[in-house]
Each structure stands twice: as structure tokens, then as C-alpha cells.
Amino acid sequence: MLSLKSFTWIALAALAIVLIGAGCSRAMAKSKPKSPYLTLFAFNYSDRYLYDTRVDGTWMGGVSAYTDSGSVMGPLAPRTDKPITLDVRWKLSGRYDLKTNTYEKVGPLEPRSAQVTVRQPYPADPHTLLLHFYADGHVEAELLERGKDPWDLRREKIPEGHIANQGL
């Protein structure tokens with residue numbers, strides 16, 4: 001049978017272990033980013049709809065002509081400062097006519113792909129992987145830190161006459 005003194009020391013040791021474990025887990029939770037996954041977002045500066053767009057196999061849907069995509073959950077945030085290259089694939093679809101604000105069918109879908117190196121330096125707490133699709137077919141990518149609005153980084157204006165500019 002344990003004496004009161006032995007029982008007290010065992011109880012104190014158990015309590016200390018529990019408190020140390022709780023403190024360590026709380027400290028580790030604070031050091032991790034809120035989400036290890038990035039949000040995918042894209043701007044399209046061309047007159048073509050980008051159909052079935054994928055980044056390293058992750059589907060992000062379509063990207064409207066002259067405007068943007070919706071945002072979707074993307075790949076894991078990088079855990080390195082080394083250059084990252086992405087495999088970006090899409091299919092060119094209809095051509096956007098600014099006079100009628102409609103898409104014109106231009107033939108079968110045209111598969112495209114690009115190996116895109118993400119611009120450095122990377123933010124400490126990346127949240128969004130932003131892609132820029134240009135009319136000449138090249139693609140650029142950058143990581144945005146949490147709280148940064150992708151709309152502040154649009155590189156080309158939406159053309160006058162586009163339905164997105166009506167009512168502004």
C-alpha cells in the first residue's frame with residue numbers, strides 16, 4: 001500500500017506531465033499555419049475560355065475570358081524555399097466576343113500545358129496560389145500571404161465593353 005507521501009508525489013508528477021503535454025500541444029498548434037492547403041485562384045487575360053483547368057492534377061474548373069476563376073482548395077503549401085515548378089493544364093474553348101458579350105464556338109477544345117515556376121520569395125504564411133494566364137499562352141504563378149487580396153494583383157484591365165465592366 002502506498003503512503004500518503006508517495007501518493008502525493010505520484011499525483012504531482014502525473015499532473016506535471018499532463019500540464020507539460022498540454023503546453024507543448026498548444027505551442028505547436030500556434031506555430032502551424034491555419035491551413036496547410038492553398039486556395040487556387042486565376043486571372044485570364046485572353047479572349048478564350050479556359051476549360052478543365054488543373055494545377056498539379058488538382059481541378060480548379062474553368063477560367064472565364066478576360067476575367068477570373070472561382071477559388072478552390074488547391075495543393076499543400078510549400079515547406080521549402082527552393083523553386084517550385086507546377087504542371088498546369090487547360091483546354092482552350094470558346095472565344096469571347098466583346099461586341100455581343102457572348103462566347104463563339106471556334107472548333108474542338110485545344111489542350112494546352114505549361115511548366116510554371118512559382119515566383120519567389122515565398123511568404124511565411126502562404127494562403128493563395130495565384131495564376132496569371134496571358135493571351136500569348138504563357139502562365140505565371142505567385143504565392144500570396146494570408147490576408148492579401150488577389151484582386152489587388154490583377155496585371156491587366158478587363159477590356160472596355162466586357163460585361164464585367166457594365167454598370168461600373
# chains A, B, ... in the order shown; residues from 1 in each chain; ligands from 1
$ residues_around --residues "Phe133 (chain A)" --least-positions-apart "5" --cutoff "6 Å" --atoms "only C-alpha atoms" --output "PyMOL selection string"
chain A and resi 44-45+139
$ select_by_dssp --residues "chain A" --states "strand (DSSP E or B)" --output "PyMOL selection string"
chain A and resi 37-44+48-55+58-63+68-69+72-76+85-97+102-104+110-119+126-133+139-145
$ residues_around --residues "Lys99 (chain A)" --least-positions-apart "3" --cutoff "9 Å" --atoms "only C-alpha atoms" --output "ChimeraX atom specification"
/A:102,161-162
$ write_last_selection --atoms "N, CA, C and O atoms" --output "PDB file, in the first residue's frame"
ATOM      1  N   THR A 102     -20.756  37.456 -75.706  1.00  0.00           N
ATOM      2  CA  THR A 102     -21.052  36.018 -75.711  1.00  0.00           C
ATOM      3  C   THR A 102     -19.820  35.264 -76.203  1.00  0.00           C
ATOM      4  O   THR A 102     -18.923  35.841 -76.829  1.00  0.00           O
ATOM      5  N   GLY A 161     -16.199  47.334 -72.716  1.00  0.00           N
ATOM      6  CA  GLY A 161     -17.191  46.613 -73.492  1.00  0.00           C
ATOM      7  C   GLY A 161     -17.496  45.241 -72.920  1.00  0.00           C
ATOM      8  O   GLY A 161     -18.511  44.634 -73.252  1.00  0.00           O
ATOM      9  N   HIS A 162     -16.613  44.726 -72.050  1.00  0.00           N
ATOM     10  CA  HIS A 162     -16.866  43.423 -71.422  1.00  0.00           C
ATOM     11  C   HIS A 162     -18.004  43.565 -70.434  1.00  0.00           C
ATOM     12  O   HIS A 162     -18.129  44.577 -69.751  1.00  0.00           O
TER      13      HIS A 162
END
$ residues_around --residues "Arg146 (chain A)" --least-positions-apart "4" --cutoff "7 Å" --atoms "only C-alpha atoms" --output "VMD selection string"
chain A and resid 125 to 127
$ atom_distance --atom1 "CA of Ala114 (chain A)" --atom2 "CA of His138 (chain A)"
7.3 Å
$ residues_around --residues "Tyr96 (chain A)" --least-positions-apart "5" --cutoff "7 Å" --atoms "only C-alpha atoms" --output "NGL selection string"
:A and (47-48 or 65 or 101-104)
$ write_last_selection --atoms "N, CA, C and O atoms" --output "mmCIF file, in the first residue's frame"
data_model
loop_
_atom_site.group_PDB
_atom_site.id
_atom_site.type_symbol
_atom_site.label_atom_id
_atom_site.label_comp_id
_atom_site.auth_asym_id
_atom_site.auth_seq_id
_atom_site.Cartn_x
_atom_site.Cartn_y
_atom_site.Cartn_z
ATOM 1 N N ASP A 47 -8.800 36.138 -74.690
ATOM 2 C CA ASP A 47 -10.195 36.178 -75.133
ATOM 3 C C ASP A 47 -10.820 34.784 -75.206
ATOM 4 O O ASP A 47 -11.920 34.613 -75.723
ATOM 5 N N ARG A 48 -10.133 33.780 -74.664
ATOM 6 C CA ARG A 48 -10.628 32.401 -74.721
ATOM 7 C C ARG A 48 -11.015 31.907 -73.329
ATOM 8 O O ARG A 48 -10.381 32.259 -72.330
ATOM 9 N N ALA A 65 -12.960 34.174 -69.923
ATOM 10 C CA ALA A 65 -12.160 35.079 -70.755
ATOM 11 C C ALA A 65 -12.111 36.467 -70.137
ATOM 12 O O ALA A 65 -13.128 36.985 -69.683
ATOM 13 N N ASN A 101 -20.869 40.221 -76.151
ATOM 14 C CA ASN A 101 -20.691 39.677 -74.796
ATOM 15 C C ASN A 101 -21.150 38.227 -74.691
ATOM 16 O O ASN A 101 -21.837 37.831 -73.754
ATOM 17 N N THR A 102 -20.756 37.456 -75.706
ATOM 18 C CA THR A 102 -21.052 36.018 -75.711
ATOM 19 C C THR A 102 -19.820 35.264 -76.203
ATOM 20 O O THR A 102 -18.923 35.841 -76.829
ATOM 21 N N TYR A 103 -19.813 33.975 -75.932
ATOM 22 C CA TYR A 103 -18.748 33.112 -76.435
ATOM 23 C C TYR A 103 -19.132 32.564 -77.796
ATOM 24 O O TYR A 103 -20.275 32.164 -78.021
ATOM 25 N N GLU A 104 -18.157 32.537 -78.703
ATOM 26 C CA GLU A 104 -18.336 31.934 -80.023
ATOM 27 C C GLU A 104 -17.573 30.625 -80.048
ATOM 28 O O GLU A 104 -16.419 30.561 -79.611
#
$ select_by_dssp --residues "chain A" --states "alpha helix (DSSP H)" --output "list of chain:residue names"
A:Leu4, A:Lys5, A:Ser6, A:Phe7, A:Thr8, A:Trp9, A:Ile10, A:Ala11, A:Leu12, A:Ala13, A:Ala14, A:Leu15, A:Ala16, A:Ile17, A:Val18, A:Leu19, A:Ile20, A:Gly21, A:Ala22, A:Gly23, A:Cys24, A:Ser25, A:Arg26, A:Ala27, A:Met28, A:Ala29, A:Lys30, A:Ser31
$ residues_around --residues "Glu110 (chain A)" --least-positions-apart "6" --cutoff "8 Å" --atoms "only C-alpha atoms" --output "ChimeraX atom specification"
/A:91-93
$ residues_around --residues "Leu76 (chain A)" --least-positions-apart "5" --cutoff "8 Å" --atoms "only C-alpha atoms" --output "ChimeraX atom specification"
/A:36-38
$ atom_distance --atom1 "CA of Asp56 (chain A)" --atom2 "CA of Asp87 (chain A)"
4.9 Å
$ closest_residue --among "A:Ser64, A:Gly57, A:Ser46, A:Ile20" --to "Ile163 (chain A)" --atoms "only C-alpha atoms"
A:Ser64
$ decode --residues "region 93-147 of chain A" --atoms "C-alpha atoms" --output "PDB file, in the first residue's frame"
ATOM      1  CA  SER A  93     -12.564  26.696 -75.521  1.00  0.00           C
ATOM      2  CA  GLY A  94     -14.863  29.412 -76.935  1.00  0.00           C
ATOM      3  CA  ARG A  95     -13.692  32.882 -77.949  1.00  0.00           C
ATOM      4  CA  TYR A  96     -15.319  35.815 -76.152  1.00  0.00           C
ATOM      5  CA  ASP A  97     -16.830  38.427 -78.472  1.00  0.00           C
ATOM      6  CA  LEU A  98     -16.769  41.864 -76.815  1.00  0.00           C
ATOM      7  CA  LYS A  99     -19.420  43.247 -79.210  1.00  0.00           C
ATOM      8  CA  THR A 100     -22.061  40.682 -78.250  1.00  0.00           C
ATOM      9  CA  ASN A 101     -20.691  39.677 -74.796  1.00  0.00           C
ATOM     10  CA  THR A 102     -21.052  36.018 -75.711  1.00  0.00           C
ATOM     11  CA  TYR A 103     -18.748  33.112 -76.435  1.00  0.00           C
ATOM     12  CA  GLU A 104     -18.336  31.934 -80.023  1.00  0.00           C
ATOM     13  CA  LYS A 105     -17.523  28.306 -80.690  1.00  0.00           C
ATOM     14  CA  VAL A 106     -14.191  28.081 -82.515  1.00  0.00           C
ATOM     15  CA  GLY A 107     -13.842  24.347 -83.040  1.00  0.00           C
ATOM     16  CA  PRO A 108     -12.760  21.467 -80.829  1.00  0.00           C
ATOM     17  CA  LEU A 109     -11.127  22.017 -77.439  1.00  0.00           C
ATOM     18  CA  GLU A 110      -7.402  22.716 -77.738  1.00  0.00           C
ATOM     19  CA  PRO A 111      -5.316  21.087 -74.957  1.00  0.00           C
ATOM     20  CA  ARG A 112      -2.523  23.253 -73.530  1.00  0.00           C
ATOM     21  CA  SER A 113       0.033  22.793 -70.775  1.00  0.00           C
ATOM     22  CA  ALA A 114       2.849  24.705 -69.126  1.00  0.00           C
ATOM     23  CA  GLN A 115       5.551  24.059 -66.559  1.00  0.00           C
ATOM     24  CA  VAL A 116       5.311  27.106 -64.321  1.00  0.00           C
ATOM     25  CA  THR A 117       7.897  28.104 -61.714  1.00  0.00           C
ATOM     26  CA  VAL A 118       6.339  29.913 -58.766  1.00  0.00           C
ATOM     27  CA  ARG A 119       7.777  33.389 -58.251  1.00  0.00           C
ATOM     28  CA  GLN A 120       9.997  33.793 -55.180  1.00  0.00           C
ATOM     29  CA  PRO A 121      10.408  34.778 -52.391  1.00  0.00           C
ATOM     30  CA  TYR A 122       7.587  32.816 -50.775  1.00  0.00           C
ATOM     31  CA  PRO A 123       5.580  34.401 -47.954  1.00  0.00           C
ATOM     32  CA  ALA A 124       5.963  32.951 -44.442  1.00  0.00           C
ATOM     33  CA  ASP A 125       2.261  32.023 -44.254  1.00  0.00           C
ATOM     34  CA  PRO A 126       1.107  31.390 -47.860  1.00  0.00           C
ATOM     35  CA  HIS A 127      -2.643  31.227 -48.427  1.00  0.00           C
ATOM     36  CA  THR A 128      -3.345  31.626 -52.163  1.00  0.00           C
ATOM     37  CA  LEU A 129      -1.679  30.275 -55.278  1.00  0.00           C
ATOM     38  CA  LEU A 130      -2.452  32.890 -57.932  1.00  0.00           C
ATOM     39  CA  LEU A 131      -2.088  32.051 -61.627  1.00  0.00           C
ATOM     40  CA  HIS A 132      -1.941  34.561 -64.493  1.00  0.00           C
ATOM     41  CA  PHE A 133      -2.882  33.214 -67.959  1.00  0.00           C
ATOM     42  CA  TYR A 134      -1.743  35.532 -70.775  1.00  0.00           C
ATOM     43  CA  ALA A 135      -3.066  35.863 -74.328  1.00  0.00           C
ATOM     44  CA  ASP A 136       0.238  34.615 -75.787  1.00  0.00           C
ATOM     45  CA  GLY A 137      -0.196  31.313 -73.893  1.00  0.00           C
ATOM     46  CA  HIS A 138       2.348  31.709 -71.116  1.00  0.00           C
ATOM     47  CA  VAL A 139       1.395  31.315 -67.457  1.00  0.00           C
ATOM     48  CA  GLU A 140       2.900  32.878 -64.329  1.00  0.00           C
ATOM     49  CA  ALA A 141       2.324  31.870 -60.691  1.00  0.00           C
ATOM     50  CA  GLU A 142       2.851  33.519 -57.320  1.00  0.00           C
ATOM     51  CA  LEU A 143       2.073  32.745 -53.688  1.00  0.00           C
ATOM     52  CA  LEU A 144       0.114  35.291 -51.671  1.00  0.00           C
ATOM     53  CA  GLU A 145       0.271  35.619 -47.921  1.00  0.00           C
ATOM     54  CA  ARG A 146      -2.821  35.282 -45.775  1.00  0.00           C
ATOM     55  CA  GLY A 147      -4.921  38.457 -45.905  1.00  0.00           C
TER      56      GLY A 147
END
